[in-house]
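Undergrad: Structure provided below as structure tokens; questions to follow.
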Amino acid sequence: RIQILFEDLSMKVCVIGAGVAGIVTARYLKDHFTVTILEGTSRIGGIWVYDEADRTTPMYRNLRSNLPKQLMMFSELEHGPTTPSFMTHGQVMEYVSEYCDMFGIRDMIRFSTRVLNVRPEVETVEEEVGRRGENVRWIITTDKGVEKYDALAVCTGRYDIPHIPDLPGTFSGIILHSKAYKTPQEFSGNKVLVVGHRSSAVDIALDLSSYGVSVAMGHRKEVPLNGLPHSLLQYPAPSHFSHHTVHFTDGQNAEFDVVIFATGYDTNLHFLDESCDIETKDIPRPLYRYFLHPKYPTMALFNQCFLIAPFPLCEYQAMYFRDVIMGRIDLPSEPERMAAAYRDFERYPDRPLKYRYALHLDQFPYYDELATECGFVPKVSNSALAGLYDAVAKQRGSKPGEYREWEHELKDGVFVCNV
């Protein structure tokens, strides 16, 4: 039995990361506990920071969100009526900064502080006569020193370590990951292959194409992607290299100067000590409710799901974590939590490990479950947001170069698209 905290400003909670997840988590904890945010860089915003000279964030000059603004906001701060449905990275960053200042979050942040190690310190305590429990504290080692906290929120996200497939052969041109892509101009005069089929691959290929760069795509889809220009050739996935030649799985080959892999990211939770008892290869597991440590629920790993709207996901997880560590939510027993965590992990056994937490439309019932336990009633129903999310996903798949120009608004409880 793990002791859960109660509302006490002397209790210390550590939040690792000052991106979207870290900022909203701090907002929900700050009125009840003493919160410290450890941020490895000198800025807030996480992946939404754009700096053309900085290749460590996935933002690029022409990026716009692939989700509408109604799925890119927190419940306590709405976007203005003049904000377009699909925002630029700069507009998202302005929103995050406004939210941060609205709740005084900056004062909690220790910038340029790298977390090196996290481990639990477990103490057996006497709860009552004949009954013993465990008191867990979190020992955080940074490049500045060692501190002890009563609870821990890991908000470092999933977009840190680029995944580049190790293909046989040698490529004489330039290989990079989509995370390093910044502008189409730097590829002028080159023949570029973009590898991947998800949003980032399609968007970068279209960005290059719109600037007149000779670009093609290589992916594992059995049929060509819809809605792309006829000039944008599509190949199967690459199989191996030979100098400037890229060979594809169907036997075709073509010459390129640059290959951009838009092939996702690898989990980076290197600072979690083995004693945390979390498997981090491919995807962190086991996780109760997709984010809570099943044995030590005073530790949470936020935003580990795929195919989701990150702003509402992080907000619902933040309010649930707050209520868990305050003792407001009566959690099931540890064996029950562990069993539930493995059920979630095994729900889609045919998926690759890293996509086991891909929720898509399942995210909205999940939000409702968390909201109900927290006693939270959203202004806009999650069923309405599910309809919006599904409609935009279909538009993105059929008109990837056009859907961002369409506006969405709520009418009579249903989102309507104005083309």
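Chain labels A, B, ... are given in the sequence in which chains occur in the structure tokens; within each chain residues are numbered consecutively from 1, and ligands are likewise numbered from 1 in the order shown.
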So that I can check the secondary structure, give me every residue of stretch 165-213 of chain A assigned strand (DSSP E or B) by backbone DSSP, as a list of chain:residue names.
TA: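 After running DSSP on the backbone, stretch 165-213 of chain A has strand (DSSP E or B) at A:Phe171, A:Ile174, A:Ile175, A:Leu176, A:His177, A:Lys191, A:Val192, A:Leu193, A:Val194, A:Val195.
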Undergrad: Can you list, as a PyMOL selection string, every residue of stretch 63-285 of chain A that DSSP puts in alpha helix (DSSP H)?
TA: chain A and resi 89-102+199-210
Undergrad: Generate the output file for the selected residues, C-alpha atoms, as a PDB file, in the first residue's frame.
TA:
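Contents of selection-v7.pdb, as written:
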```pdb
ATOM      1  CA  HIS A  89       3.846  27.457 -34.733  1.00  0.00           C
ATOM      2  CA  GLY A  90       4.301  31.089 -33.690  1.00  0.00           C
ATOM      3  CA  GLN A  91       0.628  31.423 -32.779  1.00  0.00           C
ATOM      4  CA  VAL A  92       0.748  28.197 -30.762  1.00  0.00           C
ATOM      5  CA  MET A  93       3.843  29.455 -28.954  1.00  0.00           C
ATOM      6  CA  GLU A  94       2.132  32.768 -28.167  1.00  0.00           C
ATOM      7  CA  TYR A  95      -0.808  30.843 -26.708  1.00  0.00           C
ATOM      8  CA  VAL A  96       1.418  28.651 -24.545  1.00  0.00           C
ATOM      9  CA  SER A  97       3.292  31.726 -23.329  1.00  0.00           C
ATOM     10  CA  GLU A  98       0.034  33.527 -22.478  1.00  0.00           C
ATOM     11  CA  TYR A  99      -1.225  30.508 -20.533  1.00  0.00           C
ATOM     12  CA  CYS A 100       2.087  30.264 -18.714  1.00  0.00           C
ATOM     13  CA  ASP A 101       1.910  33.919 -17.648  1.00  0.00           C
ATOM     14  CA  MET A 102      -1.800  33.700 -16.805  1.00  0.00           C
ATOM     15  CA  SER A 199       1.636  14.051 -41.385  1.00  0.00           C
ATOM     16  CA  SER A 200       5.196  15.306 -40.994  1.00  0.00           C
ATOM     17  CA  ALA A 201       6.372  13.446 -44.121  1.00  0.00           C
ATOM     18  CA  VAL A 202       3.468  14.705 -46.236  1.00  0.00           C
ATOM     19  CA  ASP A 203       3.759  18.266 -44.952  1.00  0.00           C
ATOM     20  CA  ILE A 204       7.505  18.499 -45.574  1.00  0.00           C
ATOM     21  CA  ALA A 205       7.141  17.002 -49.054  1.00  0.00           C
ATOM     22  CA  LEU A 206       4.428  19.553 -49.874  1.00  0.00           C
ATOM     23  CA  ASP A 207       6.518  22.376 -48.396  1.00  0.00           C
ATOM     24  CA  LEU A 208       9.451  21.428 -50.622  1.00  0.00           C
ATOM     25  CA  SER A 209       7.226  20.955 -53.655  1.00  0.00           C
ATOM     26  CA  SER A 210       5.597  24.380 -53.234  1.00  0.00           C
TER      27      SER A 210
END
```
Undergrad: Neighbouring residues of A:Ser231 were defined as those with any atom within 9 Å, considering only C-alpha atoms; residues of the same chain fewer than 6 positions away were excluded. Please report them as a VMD selection string.
TA: chain A and resid 209 214 to 216
Undergrad: Keeping only C-alpha atoms, write the selected residues to a file as an mmCIF file, in the first residue's frame.
TA:
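Result went into part-v6.cif, see below:
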```cif
data_model
loop_
_atom_site.group_PDB
_atom_site.id
_atom_site.type_symbol
_atom_site.label_atom_id
_atom_site.label_comp_id
_atom_site.auth_asym_id
_atom_site.auth_seq_id
_atom_site.Cartn_x
_atom_site.Cartn_y
_atom_site.Cartn_z
ATOM 1 C CA SER A 209 7.226 20.955 -53.655
ATOM 2 C CA SER A 214 12.334 18.225 -56.935
ATOM 3 C CA VAL A 215 10.855 15.931 -54.296
ATOM 4 C CA ALA A 216 9.539 12.359 -54.084
#
```
Undergrad: Find the distance between atom CA of A:Leu176 and atom CA of A:Ile164 and write it in Å to one decimal.
TA: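 Those two atoms sit 8.2 Å apart.
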Undergrad: So that I can see what lies close to A:Gly397, please list as a list in words the residues with an atom at most 12 Å from it, counting only C-alpha atoms and leaving out residues fewer than 4 positions away in the same chain.
TA: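 Within the cut-off, the hits are Asn66, His197, Arg198, Ser199, Val202, Asp203, Pro224, Leu225, Asn226, Gly227, Leu228, Asp390, Ala391, Val392, Ala393, Gly401, Glu402, Tyr403 and Arg404 of chain A.
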Undergrad: Just C-alpha atoms for this one: save the residues we selected as a short mmCIF file (atom, residue, chain, number, x, y, z; two decimals), in the first residue's frame.
TA:
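So part_23.cif came out as:
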```cif
data_model
loop_
_atom_site.label_atom_id
_atom_site.label_comp_id
_atom_site.auth_asym_id
_atom_site.auth_seq_id
_atom_site.Cartn_x
_atom_site.Cartn_y
_atom_site.Cartn_z
CA ASN A 66 -2.48 19.75 -38.30
CA HIS A 197 3.70 8.53 -44.79
CA ARG A 198 2.37 10.34 -41.73
CA SER A 199 1.64 14.05 -41.38
CA VAL A 202 3.47 14.70 -46.24
CA ASP A 203 3.76 18.27 -44.95
CA PRO A 224 -0.31 5.93 -53.14
CA LEU A 225 -1.23 8.65 -50.66
CA ASN A 226 -4.24 10.72 -51.68
CA GLY A 227 -4.37 14.36 -52.67
CA LEU A 228 -0.72 14.91 -53.54
CA ASP A 390 -12.48 12.53 -37.05
CA ALA A 391 -13.63 15.00 -39.70
CA VAL A 392 -10.24 16.72 -39.82
CA ALA A 393 -8.42 13.37 -39.99
CA GLY A 401 -2.57 20.48 -49.18
CA GLU A 402 -5.91 22.24 -48.69
CA TYR A 403 -7.56 21.28 -45.40
CA ARG A 404 -5.71 23.88 -43.33
#
```
Undergrad: Between A:Leu269, A:Ile161, A:Leu67, A:Ile23, which residue has the minimum interatomic distance to A:Tyr389, considering only C-alpha atoms?
TA: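 So, comparing all the options, the nearest one is A:Leu67.
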Undergrad: Do you have, as a Markdown table, the list of residues of stretch 140-194 of chain A lying at most 7 Å from stretch 108-115 of chain A, each with its nearest atom pair and that distance in Å to one decimal, counting only C-alpha atoms and ordered by chain then number?
TA:
```
| residue | atom | partner | partner_atom | distance |
| --- | --- | --- | --- | --- |
| A:Thr141 | CA | A:Val115 | CA | 6.1 |
| A:Thr142 | CA | A:Val115 | CA | 4.3 |
| A:Asp143 | CA | A:Arg114 | CA | 5.6 |
| A:Lys144 | CA | A:Thr113 | CA | 6.8 |
```
Undergrad: Within 8 Å of A:Phe415, counting only C-alpha atoms, which residues qualify if same-chain residues fewer than 6 places away don't, as a ChimeraX atom specification?
TA: /A:384-385,387-388,408-409
Undergrad: Here is a test: counting only C-alpha atoms, which residue of A:Asp368, A:Glu373, A:Asp282, A:Glu405 is nearest to A:Arg356?
TA: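 Checking each candidate against A:Arg356, we get A:Asp282 as the closest.
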Undergrad: Tell me, in Å to one decimal, how far atom CA of A:Ile283 is from atom CA of A:Ala340.
TA: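 It comes out at 16.5 Å.
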Undergrad: Using only C-alpha atoms for the distances, tell me which of A:Arg64, A:Arg27, A:Arg106, A:Lys379 is nearest to A:Ile44.
TA: A:Arg106
Undergrad: Which is closer to A:Tyr357 than all the others in A:Lys69, A:Arg343, A:Arg119, A:Arg322, using only C-alpha atoms?
TA: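 Among the listed residues, the smallest separation from A:Tyr357 belongs to A:Arg343.
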